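Text of protein24.tsv, listed as TSV, C-alpha atoms:
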chain	number	residue	atom	x	y	z
A	1	MET	CA	-98.65	113.15	-31.42
A	2	LEU	CA	-95.52	111.95	-33.14
A	3	ALA	CA	-95.21	108.19	-33.68
A	4	THR	CA	-92.97	105.68	-35.43
A	5	LEU	CA	-94.05	103.52	-38.34
A	6	THR	CA	-93.65	100.42	-36.19
A	7	GLN	CA	-96.01	101.82	-33.56
A	8	VAL	CA	-98.88	102.47	-35.97
A	9	LEU	CA	-98.37	99.45	-38.21
A	10	SER	CA	-98.05	96.91	-35.39
A	11	LYS	CA	-101.62	97.66	-34.35
A	12	ALA	CA	-102.79	97.75	-37.97
A	13	ASN	CA	-101.21	94.35	-38.55
A	14	ARG	CA	-102.93	92.86	-35.50
A	15	GLN	CA	-106.33	94.35	-36.25
A	16	LYS	CA	-106.15	93.89	-40.04
A	17	TYR	CA	-106.51	97.41	-41.42
A	18	ALA	CA	-104.20	99.74	-43.32
A	19	VAL	CA	-102.82	103.16	-42.42
A	20	GLY	CA	-102.77	105.81	-45.12
A	21	ALA	CA	-99.40	107.26	-46.15
A	22	PHE	CA	-99.84	110.58	-47.93
A	23	ASN	CA	-97.12	112.56	-49.71
A	24	THR	CA	-96.65	116.25	-49.01
A	25	ASN	CA	-94.84	119.15	-50.64
A	26	ASN	CA	-96.16	122.17	-48.74
A	27	MET	CA	-98.16	123.51	-45.78
A	28	GLU	CA	-101.62	123.10	-47.30
A	29	ILE	CA	-101.04	119.42	-48.02
A	30	VAL	CA	-99.79	118.78	-44.48
A	31	GLN	CA	-102.83	120.54	-43.05
A	32	ALA	CA	-105.20	118.59	-45.31
A	33	ILE	CA	-103.69	115.25	-44.28
A	34	VAL	CA	-103.59	115.84	-40.54
A	35	ARG	CA	-106.99	117.55	-40.38
A	36	ALA	CA	-108.53	114.60	-42.20
A	37	ALA	CA	-106.89	112.12	-39.82
A	38	GLU	CA	-108.15	114.07	-36.80
A	39	LYS	CA	-111.68	114.31	-38.18
A	40	VAL	CA	-112.00	110.55	-38.66
A	41	ARG	CA	-109.77	109.68	-35.68
A	42	SER	CA	-107.15	107.75	-37.61
A	43	PRO	CA	-103.40	107.34	-37.32
A	44	VAL	CA	-101.67	108.75	-40.38
A	45	ILE	CA	-98.29	108.71	-42.16
A	46	VAL	CA	-97.06	111.94	-43.72
A	47	GLN	CA	-94.40	111.27	-46.34
A	48	THR	CA	-91.81	113.37	-48.11
A	49	THR	CA	-90.04	112.13	-51.21
A	50	GLU	CA	-86.54	113.08	-52.26
A	51	GLY	CA	-88.16	115.25	-54.92
A	52	ALA	CA	-90.28	117.06	-52.31
A	53	ILE	CA	-87.18	117.71	-50.21
A	54	GLU	CA	-85.38	119.04	-53.28
A	55	TYR	CA	-88.34	121.36	-53.91
A	56	ALA	CA	-89.18	122.64	-50.42
A	57	GLY	CA	-86.15	121.79	-48.27
A	58	LEU	CA	-85.69	119.09	-45.65
A	59	ASP	CA	-85.94	121.36	-42.62
A	60	THR	CA	-88.98	123.22	-43.97
A	61	LEU	CA	-90.98	120.02	-44.54
A	62	LYS	CA	-89.78	118.49	-41.29
A	63	CYS	CA	-90.87	121.53	-39.28
A	64	LEU	CA	-94.29	121.60	-40.95
A	65	VAL	CA	-95.00	117.96	-40.17
A	66	LEU	CA	-93.51	117.96	-36.66
A	67	SER	CA	-95.50	121.07	-35.75
A	68	ALA	CA	-98.71	119.47	-37.03
A	69	ALA	CA	-97.92	116.25	-35.15
A	70	GLU	CA	-97.24	118.04	-31.88
A	71	GLN	CA	-100.64	119.74	-32.05
A	72	SER	CA	-102.50	116.62	-33.16
A	73	ARG	CA	-104.41	114.15	-30.99
A	74	VAL	CA	-103.82	111.29	-33.44
A	75	PRO	CA	-100.55	109.44	-34.13
A	76	VAL	CA	-98.59	111.07	-36.97
A	77	VAL	CA	-95.57	109.39	-38.56
A	78	LEU	CA	-92.97	111.47	-40.43
A	79	HIS	CA	-91.65	109.16	-43.14
A	80	LEU	CA	-89.16	109.41	-46.01
A	81	ASP	CA	-90.68	107.78	-49.08
A	82	HIS	CA	-88.49	105.99	-51.66
A	83	GLY	CA	-85.18	106.95	-50.10
A	84	LYS	CA	-82.28	106.10	-52.38
A	85	ASP	CA	-79.67	108.68	-51.35
A	86	LEU	CA	-77.97	107.23	-48.25
A	87	THR	CA	-76.67	110.63	-47.18
A	88	LEU	CA	-80.18	112.05	-47.26
A	89	ILE	CA	-81.55	109.04	-45.40
A	90	ARG	CA	-79.09	109.67	-42.55
A	91	GLN	CA	-79.96	113.36	-42.53
A	92	CYS	CA	-83.65	112.50	-42.15
A	93	MET	CA	-82.88	110.19	-39.24
A	94	ASN	CA	-80.79	112.86	-37.55
A	95	ARG	CA	-83.37	115.62	-38.01
A	96	GLY	CA	-86.47	114.07	-36.54
A	97	TYR	CA	-87.95	111.64	-39.06
A	98	THR	CA	-89.46	108.68	-37.24
A	99	SER	CA	-89.38	106.38	-40.26
A	100	VAL	CA	-87.48	106.00	-43.53
A	101	MET	CA	-87.83	103.88	-46.62
A	102	ILE	CA	-84.72	102.53	-48.25
A	103	ASP	CA	-85.62	101.69	-51.83
A	104	GLY	CA	-83.05	99.22	-53.12
A	105	SER	CA	-85.57	97.52	-55.39
A	106	HIS	CA	-83.65	98.60	-58.50
A	107	PHE	CA	-80.57	96.69	-57.30
A	108	PRO	CA	-79.89	92.94	-57.65
A	109	PHE	CA	-81.12	91.01	-54.61
A	110	ASP	CA	-77.76	90.78	-52.82
A	111	LYS	CA	-77.03	94.49	-53.15
A	112	ASN	CA	-80.57	95.37	-52.07
A	113	VAL	CA	-80.01	93.27	-48.95
A	114	LYS	CA	-76.63	94.86	-48.24
A	115	VAL	CA	-77.85	98.45	-48.58
A	116	THR	CA	-81.10	97.82	-46.69
A	117	ARG	CA	-79.30	96.08	-43.84
A	118	LYS	CA	-76.97	99.08	-43.49
A	119	VAL	CA	-79.91	101.48	-43.19
A	120	VAL	CA	-81.60	99.21	-40.64
A	121	ARG	CA	-78.43	99.25	-38.54
A	122	TRP	CA	-78.34	103.07	-38.60
A	123	ALA	CA	-82.05	103.26	-37.77
A	124	ARG	CA	-81.87	100.95	-34.77
A	125	ALA	CA	-79.42	103.33	-33.09
A	126	LYS	CA	-81.89	106.20	-33.56
A	127	GLY	CA	-85.16	104.43	-32.74
A	128	VAL	CA	-86.32	104.95	-36.33
A	129	SER	CA	-88.46	102.48	-38.29
A	130	VAL	CA	-87.43	101.16	-41.72
A	131	GLU	CA	-89.46	100.17	-44.75
A	132	GLY	CA	-87.73	98.14	-47.46
A	133	GLU	CA	-88.88	97.15	-50.93
A	134	LEU	CA	-88.62	93.94	-52.90
A	135	GLY	CA	-89.89	93.80	-56.46
A	136	THR	CA	-90.71	96.84	-58.58
A	137	ILE	CA	-93.94	98.49	-59.63
A	138	GLY	CA	-94.40	100.28	-62.94
A	139	GLY	CA	-95.11	103.88	-63.88
A	140	ALA	CA	-93.51	107.16	-62.88
A	141	GLU	CA	-94.07	109.68	-60.11
A	142	ASP	CA	-91.77	112.32	-58.65
A	143	LEU	CA	-88.19	110.99	-58.97
A	144	VAL	CA	-89.29	107.34	-59.01
A	145	SER	CA	-89.91	105.44	-62.24
A	146	SER	CA	-89.83	101.94	-63.65
A	147	ARG	CA	-90.68	100.61	-67.09
A	148	ARG	CA	-91.75	97.18	-65.92
A	149	ILE	CA	-93.29	95.38	-62.98
A	150	LEU	CA	-91.27	92.69	-61.23
A	151	TYR	CA	-93.65	90.85	-58.93
A	152	THR	CA	-92.42	89.99	-55.45
A	153	GLU	CA	-91.67	86.30	-54.99
A	154	PRO	CA	-92.97	84.98	-51.63
A	155	LYS	CA	-89.93	82.80	-50.82
A	156	THR	CA	-87.54	85.60	-51.73
A	157	ALA	CA	-89.49	88.01	-49.52
A	158	VAL	CA	-88.93	85.76	-46.51
A	159	ASP	CA	-85.21	85.60	-47.26
A	160	PHE	CA	-85.03	89.38	-47.66
A	161	VAL	CA	-86.75	90.11	-44.35
A	162	ASP	CA	-84.61	87.53	-42.51
A	163	LYS	CA	-81.43	89.10	-43.84
A	164	THR	CA	-82.36	92.77	-43.40
A	165	GLY	CA	-84.65	93.02	-40.38
A	166	VAL	CA	-86.94	95.65	-41.95
A	167	ASP	CA	-90.02	96.70	-40.00
A	168	ALA	CA	-92.29	96.84	-43.07
A	169	LEU	CA	-91.98	95.50	-46.60
A	170	ALA	CA	-93.25	97.12	-49.79
A	171	ILE	CA	-94.24	94.46	-52.30
A	172	ALA	CA	-95.17	94.42	-55.98
A	173	ILE	CA	-98.52	92.80	-56.78
A	174	GLY	CA	-99.58	94.72	-59.87
A	175	THR	CA	-99.91	98.40	-58.97
A	176	SER	CA	-98.15	101.28	-60.71
A	177	HIS	CA	-97.03	104.81	-59.85
A	178	GLY	CA	-98.77	107.88	-61.27
A	179	ALA	CA	-102.19	108.59	-62.75
A	180	TYR	CA	-101.88	106.25	-65.73
A	181	LYS	CA	-101.61	102.89	-64.02
A	182	PHE	CA	-103.40	100.46	-66.27
A	183	GLN	CA	-104.66	99.79	-69.74
A	184	GLY	CA	-107.99	98.18	-69.06
A	185	LYS	CA	-109.27	96.83	-65.75
A	186	ALA	CA	-107.04	96.95	-62.67
A	187	THR	CA	-106.36	93.53	-61.18
A	188	LEU	CA	-104.06	93.00	-58.22
A	189	ASP	CA	-102.44	89.64	-57.55
A	190	ILE	CA	-104.27	88.96	-54.30
A	191	LYS	CA	-103.22	85.32	-54.21
A	192	ARG	CA	-99.56	86.36	-54.23
A	193	LEU	CA	-100.24	88.93	-51.49
A	194	ALA	CA	-101.97	86.36	-49.29
A	195	ASP	CA	-99.08	83.94	-49.73
A	196	ILE	CA	-96.51	86.57	-48.74
A	197	LYS	CA	-98.59	87.59	-45.71
A	198	ARG	CA	-98.98	83.98	-44.60
A	199	ARG	CA	-95.22	83.51	-44.69
A	200	LEU	CA	-94.16	86.83	-43.13
A	201	LYS	CA	-97.02	87.84	-40.83
A	202	MET	CA	-95.60	91.39	-40.77
A	203	PRO	CA	-96.76	94.82	-42.02
A	204	LEU	CA	-96.88	94.92	-45.82
A	205	VAL	CA	-96.95	98.08	-47.95
A	206	LEU	CA	-98.74	98.90	-51.19
A	207	HIS	CA	-97.25	101.60	-53.40
A	208	GLY	CA	-98.83	103.03	-56.55
A	209	ALA	CA	-102.29	102.66	-55.05
A	210	SER	CA	-104.02	105.97	-55.77
A	211	GLY	CA	-107.65	105.65	-56.80
A	212	VAL	CA	-107.73	108.55	-59.31
A	213	PRO	CA	-111.36	109.45	-58.42
A	214	GLU	CA	-113.53	110.19	-61.42
A	215	SER	CA	-115.27	113.16	-59.79
A	216	VAL	CA	-111.97	114.93	-59.14
A	217	VAL	CA	-110.70	114.23	-62.65
A	218	ALA	CA	-113.98	115.52	-64.08
A	219	LYS	CA	-113.72	118.76	-62.11
A	220	ALA	CA	-110.14	119.34	-63.20
A	221	GLU	CA	-111.03	118.74	-66.84
A	222	LYS	CA	-114.12	120.97	-66.57
A	223	TYR	CA	-111.84	123.87	-65.73
A	224	GLY	CA	-109.16	123.22	-68.32
A	225	ALA	CA	-107.02	120.25	-67.37
A	226	LYS	CA	-105.97	117.89	-70.18
A	227	LEU	CA	-105.53	114.57	-68.42
A	228	GLY	CA	-106.17	112.01	-71.14
A	229	LYS	CA	-107.35	108.72	-69.66
A	230	PRO	CA	-106.01	108.38	-66.12
A	231	GLU	CA	-106.72	105.11	-64.32
A	232	GLY	CA	-106.41	104.23	-60.65
A	233	VAL	CA	-106.93	101.28	-58.33
A	234	PRO	CA	-110.66	100.86	-57.50
A	235	ASP	CA	-111.75	100.95	-53.86
A	236	THR	CA	-112.95	97.36	-54.17
A	237	GLN	CA	-109.42	96.20	-55.01
A	238	ILE	CA	-107.95	98.28	-52.18
A	239	ARG	CA	-110.34	96.76	-49.65
A	240	LEU	CA	-109.46	93.28	-50.90
A	241	ALA	CA	-105.76	94.05	-50.54
A	242	VAL	CA	-106.28	95.25	-46.96
A	243	LYS	CA	-108.31	92.15	-46.14
A	244	ASN	CA	-105.43	89.99	-47.35
A	245	GLY	CA	-102.61	91.67	-45.47
A	246	ILE	CA	-101.72	95.19	-46.64
A	247	ASN	CA	-101.16	97.57	-43.69
A	248	LYS	CA	-99.73	100.73	-45.29
A	249	ILE	CA	-101.06	102.29	-48.48
A	250	ASN	CA	-99.35	105.17	-50.28
A	251	THR	CA	-101.30	107.99	-51.92
A	252	ASP	CA	-99.86	110.90	-53.90
A	253	THR	CA	-101.60	111.24	-57.28
A	254	ASP	CA	-105.06	111.68	-55.73
A	255	LEU	CA	-103.87	114.67	-53.71
A	256	ARG	CA	-102.25	116.25	-56.75
A	257	LEU	CA	-105.43	115.88	-58.75
A	258	ALA	CA	-107.58	117.31	-55.95
A	259	PHE	CA	-105.25	120.28	-55.53
A	260	ASP	CA	-105.28	120.94	-59.28
A	261	ALA	CA	-109.06	120.61	-59.63
A	262	ALA	CA	-109.89	123.00	-56.78
A	263	LEU	CA	-107.24	125.51	-57.82
A	264	ARG	CA	-108.50	125.58	-61.39
A	265	GLU	CA	-112.09	126.05	-60.24
A	266	VAL	CA	-111.27	129.08	-58.08
A	267	ILE	CA	-109.20	130.75	-60.77
A	268	ALA	CA	-111.83	130.10	-63.43
A	269	THR	CA	-114.90	131.14	-61.41
A	270	LYS	CA	-113.47	133.90	-59.23
A	271	PRO	CA	-111.20	136.02	-61.44
A	272	ASP	CA	-111.30	138.89	-58.94
A	273	VAL	CA	-109.64	136.79	-56.21
A	274	PHE	CA	-105.90	137.25	-55.77
A	275	ASP	CA	-105.47	136.43	-52.07
A	276	PRO	CA	-103.38	133.22	-51.95
A	277	ARG	CA	-105.33	132.03	-48.92
A	278	LYS	CA	-108.61	132.18	-50.82
A	279	ILE	CA	-107.04	130.29	-53.73
A	280	LEU	CA	-105.12	127.66	-51.78
A	281	GLY	CA	-107.73	127.21	-49.02
A	282	PRO	CA	-110.26	125.44	-51.29
A	283	ALA	CA	-107.44	123.24	-52.63
A	284	ARG	CA	-106.59	122.24	-49.07
A	285	ASP	CA	-110.25	121.45	-48.32
A	286	CYS	CA	-110.59	119.34	-51.47
A	287	MET	CA	-107.48	117.34	-50.57
A	288	GLN	CA	-108.82	116.82	-47.05
A	289	GLN	CA	-112.00	115.26	-48.46
A	290	VAL	CA	-109.90	112.89	-50.57
A	291	VAL	CA	-107.80	111.87	-47.56
A	292	GLU	CA	-110.89	111.27	-45.42
A	293	HIS	CA	-112.34	108.98	-48.09
A	294	ARG	CA	-109.10	107.04	-48.45
A	295	ILE	CA	-108.79	106.54	-44.71
A	296	ARG	CA	-112.29	105.09	-44.53
A	297	VAL	CA	-111.53	102.73	-47.41
A	298	PHE	CA	-108.36	101.58	-45.63
A	299	GLY	CA	-110.31	100.76	-42.47
A	300	SER	CA	-108.29	102.93	-40.08
A	301	ALA	CA	-111.06	105.37	-39.11
A	302	ASN	CA	-111.60	105.40	-35.30
A	303	LYS	CA	-108.34	103.47	-34.77
A	304	ALA	CA	-106.35	106.35	-33.25
Represent the supplied structure as C-alpha cells.
Amino acid sequence: MLATLTQVLSKANRQKYAVGAFNTNNMEIVQAIVRAAEKVRSPVIVQTTEGAIEYAGLDTLKCLVLSAAEQSRVPVVLHLDHGKDLTLIRQCMNRGYTSVMIDGSHFPFDKNVKVTRKVVRWARAKGVSVEGELGTIGGAEDLVSSRRILYTEPKTAVDFVDKTGVDALAIAIGTSHGAYKFQGKATLDIKRLADIKRRLKMPLVLHGASGVPESVVAKAEKYGAKLGKPEGVPDTQIRLAVKNGINKINTDTDLRLAFDAALREVIATKPDVFDPRKILGPARDCMQQVVEHRIRVFGSANKA
C-alpha cells in the first residue's frame, strides 16, 4: 500500500523505532526492498535520487515503485532523496511521489529556510510530506558530496523547523556518504542527537548510515572487486541512534555492494550463464538479505 512519509514516521516517532529508506535505480532493487519489507512485516521507504532519475527516468522509477506498492501489504513510501532541483521536485510531486526531500544544506541558513519553506508550501497543496536538512555530512555518493561535516546545532534546528514546517529533519551527527566513511572507529555524536530530539520531538533522519557489511565486502573482493578499506557505521551505533531519536535511516552503499558481490560471483562461477534473469536474480536476493538485516537493526520489523 502506498503511504506518505508522515504516516510511517509518525508511528515510528511515537514507538521509538526507525524506518529504513533504501535507494533504487532499477527493478531488481525495488523488488529486493519491497520483498524484504513484506517478509519482516515492516513499513519501508523507497528512494530515488536525482542521479537515479537521470539514469533510469522519472516515470520508469515511479511506475516500478508504485506498482510494487499497490501489490504490497505493507506501507511503501515513494520518496525523492536529496532533491536540489526545484523543477524536478515539483515534477515528483505531480507524478505520484508521496514524499520529497529538499536539500538546502549547502546554502546559508536564511536561504535554506527560504527554499525549504517554498517546497513545504507546494507539498501541502498536494498532500506530500517534506524532509529538510540542516548541517552537512561528509563523503560522496551519487550526485551528493561534501568535503566537510557541519554538525547540526540544536538551537538552530528548532529555529529551522519553526520557520519551514518540515515533516522530518535530516541532521548531521558524524556520519558520511559512501563506502569510505571514517578513518578509524566510527563514533556518532549521540549527545547532540538526544539534545535535538528533546527540543524538537519530531521525526529525525540519519543519512550516510550504511553499515558496509564485512561479509559482503569479502565476497565482492573474492571475485575481483578492488575496494580498498571501506568503513561503515556499526549496528551498535545505529541501534544507539535509534534509541536516542532517529526515525528514518538511509541506505544505499550496502545495496550497491550486495549487488556487485552477487553479480561477480555468478559471472565468475557460472561462465556458461548468459540469461540476465539468472545473473540479476541472485543480486536481487543478496540485496533482499541486506535489507532484511537493516530493517531488524532499525527496529521496524512487525510494525507494518
message: Env of region 187-200 of chain A: 8 Å cut, atoms = all atoms listed in the file, seq-sep filter 4 positions within chain, self excluded. Answer as a list in words.
response: Glu153, Pro154, Lys155, Ala157, Val158, Ile173, Gly174, Thr175, Leu204, Gln237, Leu240, Ala241, Asn244 and Gly245 of chain A
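Compared by their closest atoms to Ala32 (chain A), and using only C-alpha atoms, the residues A:Ala220, A:Met287, A:Leu58, A:Ile238 rank with A:Met287 nearest.
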Starting from the point (-104.2, 111.5, -39.7), work out which residues of protein, DNA or RNA have an atom no more than 12 Å away when counting only C-alpha atoms; state them as a PDB file with C-alpha atoms, keeping the file's coordinate frame.
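And here's selection39.pdb as it stands now:
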ATOM      1  CA  MET A   1     -98.650 113.150 -31.420  1.00  0.00           C
ATOM      2  CA  LEU A   2     -95.520 111.950 -33.140  1.00  0.00           C
ATOM      3  CA  ALA A   3     -95.210 108.190 -33.680  1.00  0.00           C
ATOM      4  CA  VAL A   8     -98.880 102.470 -35.970  1.00  0.00           C
ATOM      5  CA  VAL A  19    -102.820 103.160 -42.420  1.00  0.00           C
ATOM      6  CA  GLY A  20    -102.770 105.810 -45.120  1.00  0.00           C
ATOM      7  CA  ALA A  21     -99.400 107.260 -46.150  1.00  0.00           C
ATOM      8  CA  PHE A  22     -99.840 110.580 -47.930  1.00  0.00           C
ATOM      9  CA  ILE A  29    -101.040 119.420 -48.020  1.00  0.00           C
ATOM     10  CA  VAL A  30     -99.790 118.780 -44.480  1.00  0.00           C
ATOM     11  CA  GLN A  31    -102.830 120.540 -43.050  1.00  0.00           C
ATOM     12  CA  ALA A  32    -105.200 118.590 -45.310  1.00  0.00           C
ATOM     13  CA  ILE A  33    -103.690 115.250 -44.280  1.00  0.00           C
ATOM     14  CA  VAL A  34    -103.590 115.840 -40.540  1.00  0.00           C
ATOM     15  CA  ARG A  35    -106.990 117.550 -40.380  1.00  0.00           C
ATOM     16  CA  ALA A  36    -108.530 114.600 -42.200  1.00  0.00           C
ATOM     17  CA  ALA A  37    -106.890 112.120 -39.820  1.00  0.00           C
ATOM     18  CA  GLU A  38    -108.150 114.070 -36.800  1.00  0.00           C
ATOM     19  CA  LYS A  39    -111.680 114.310 -38.180  1.00  0.00           C
ATOM     20  CA  VAL A  40    -112.000 110.550 -38.660  1.00  0.00           C
ATOM     21  CA  ARG A  41    -109.770 109.680 -35.680  1.00  0.00           C
ATOM     22  CA  SER A  42    -107.150 107.750 -37.610  1.00  0.00           C
ATOM     23  CA  PRO A  43    -103.400 107.340 -37.320  1.00  0.00           C
ATOM     24  CA  VAL A  44    -101.670 108.750 -40.380  1.00  0.00           C
ATOM     25  CA  ILE A  45     -98.290 108.710 -42.160  1.00  0.00           C
ATOM     26  CA  VAL A  46     -97.060 111.940 -43.720  1.00  0.00           C
ATOM     27  CA  GLN A  47     -94.400 111.270 -46.340  1.00  0.00           C
ATOM     28  CA  VAL A  65     -95.000 117.960 -40.170  1.00  0.00           C
ATOM     29  CA  ALA A  68     -98.710 119.470 -37.030  1.00  0.00           C
ATOM     30  CA  ALA A  69     -97.920 116.250 -35.150  1.00  0.00           C
ATOM     31  CA  GLN A  71    -100.640 119.740 -32.050  1.00  0.00           C
ATOM     32  CA  SER A  72    -102.500 116.620 -33.160  1.00  0.00           C
ATOM     33  CA  ARG A  73    -104.410 114.150 -30.990  1.00  0.00           C
ATOM     34  CA  VAL A  74    -103.820 111.290 -33.440  1.00  0.00           C
ATOM     35  CA  PRO A  75    -100.550 109.440 -34.130  1.00  0.00           C
ATOM     36  CA  VAL A  76     -98.590 111.070 -36.970  1.00  0.00           C
ATOM     37  CA  VAL A  77     -95.570 109.390 -38.560  1.00  0.00           C
ATOM     38  CA  LEU A  78     -92.970 111.470 -40.430  1.00  0.00           C
ATOM     39  CA  GLN A 288    -108.820 116.820 -47.050  1.00  0.00           C
ATOM     40  CA  VAL A 291    -107.800 111.870 -47.560  1.00  0.00           C
ATOM     41  CA  GLU A 292    -110.890 111.270 -45.420  1.00  0.00           C
ATOM     42  CA  HIS A 293    -112.340 108.980 -48.090  1.00  0.00           C
ATOM     43  CA  ARG A 294    -109.100 107.040 -48.450  1.00  0.00           C
ATOM     44  CA  ILE A 295    -108.790 106.540 -44.710  1.00  0.00           C
ATOM     45  CA  ARG A 296    -112.290 105.090 -44.530  1.00  0.00           C
ATOM     46  CA  SER A 300    -108.290 102.930 -40.080  1.00  0.00           C
ATOM     47  CA  ALA A 301    -111.060 105.370 -39.110  1.00  0.00           C
ATOM     48  CA  ASN A 302    -111.600 105.400 -35.300  1.00  0.00           C
ATOM     49  CA  LYS A 303    -108.340 103.470 -34.770  1.00  0.00           C
ATOM     50  CA  ALA A 304    -106.350 106.350 -33.250  1.00  0.00           C
TER      51      ALA A 304
END
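Pairwise distance (CA of Lys270 (chain A), CA of Pro282 (chain A)) equals 12.0 Å.
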task: Write out as number ranges by chain the residues lying within 9 Å of Leu86 (chain A), counting all atoms listed in the file and excluding same-chain residues fewer than 5 positions away.
output: A: 91, 102, 115, 119
Where is the centre and how long are the edges: axis-aligned box on region 52-64 of chain A, 8 Å on each side, Å to one decimal, as AutoDock Vina command-line options:
--center_x -89.8 --center_y 120.1 --center_z -46.6 --size_x 24.9 --size_y 22.2 --size_z 30.6
field: Residues near region 208-213 of chain A, cut-off 7 Å, all atoms listed in the file, skip fewer than 5 positions along chain, as a VMD selection string
entry: chain A and resid 175 to 179 231 to 235 249 to 254
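One distance worth recording is that between CA of Met93 (chain A) and CA of Lys16 (chain A), which is 28.4 Å.
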Excluding Leu150 (chain A) and residues on its chain fewer than 6 positions from it, collect all residues at most 8 Å away from it, counting only C-alpha atoms, and give them as a PDB file with C-alpha atoms, keeping the file's coordinate frame.
ATOM      1  CA  GLY A 135     -89.890  93.800 -56.460  1.00  0.00           C
ATOM      2  CA  THR A 136     -90.710  96.840 -58.580  1.00  0.00           C
ATOM      3  CA  ILE A 137     -93.940  98.490 -59.630  1.00  0.00           C
ATOM      4  CA  ALA A 172     -95.170  94.420 -55.980  1.00  0.00           C
TER       5      ALA A 172
END
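Every protein, DNA or RNA residue with an atom at most 9 Å from Glu133 (chain A), where all atoms listed in the file count and chain neighbours fewer than 2 positions away do not, is listed here: His82, Met101, Ile102, Asp103, Gly104, Ser105, Asn112, Thr116, Glu131, Gly135, Thr136, Ala168, Leu169, Ala170, Ile171, Ala172 and Val205 of chain A.
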Distance in Å - CA of Gly228 (chain A) versus CA of His207 (chain A): 22.4 Å
- line: If you count only C-alpha atoms, the residue of A:Tyr97, A:Phe298, A:Phe109, A:Phe160 closest to Leu61 (chain A) turns out to be A:Tyr97
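Distances to Asn247 (chain A) were evaluated for A:Ala123, A:Ala268, A:Val130, A:Leu5 using all atoms listed in the file, and the minimum falls at A:Leu5.
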message: Given the point (-85.4, 118.0, -40.0) in the file's coordinates, find the residues that have an atom at most 7 Å from it, counting all atoms listed in the file, and give them as a PyMOL selection string.
response: chain A and resi 58-59+62-63+92+95-97
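Proximity to Glu265 (chain A) was assessed for A:Leu64, A:Asp159, A:Val297, A:Lys219 counting only C-alpha atoms; the smallest distance is recorded for A:Lys219.
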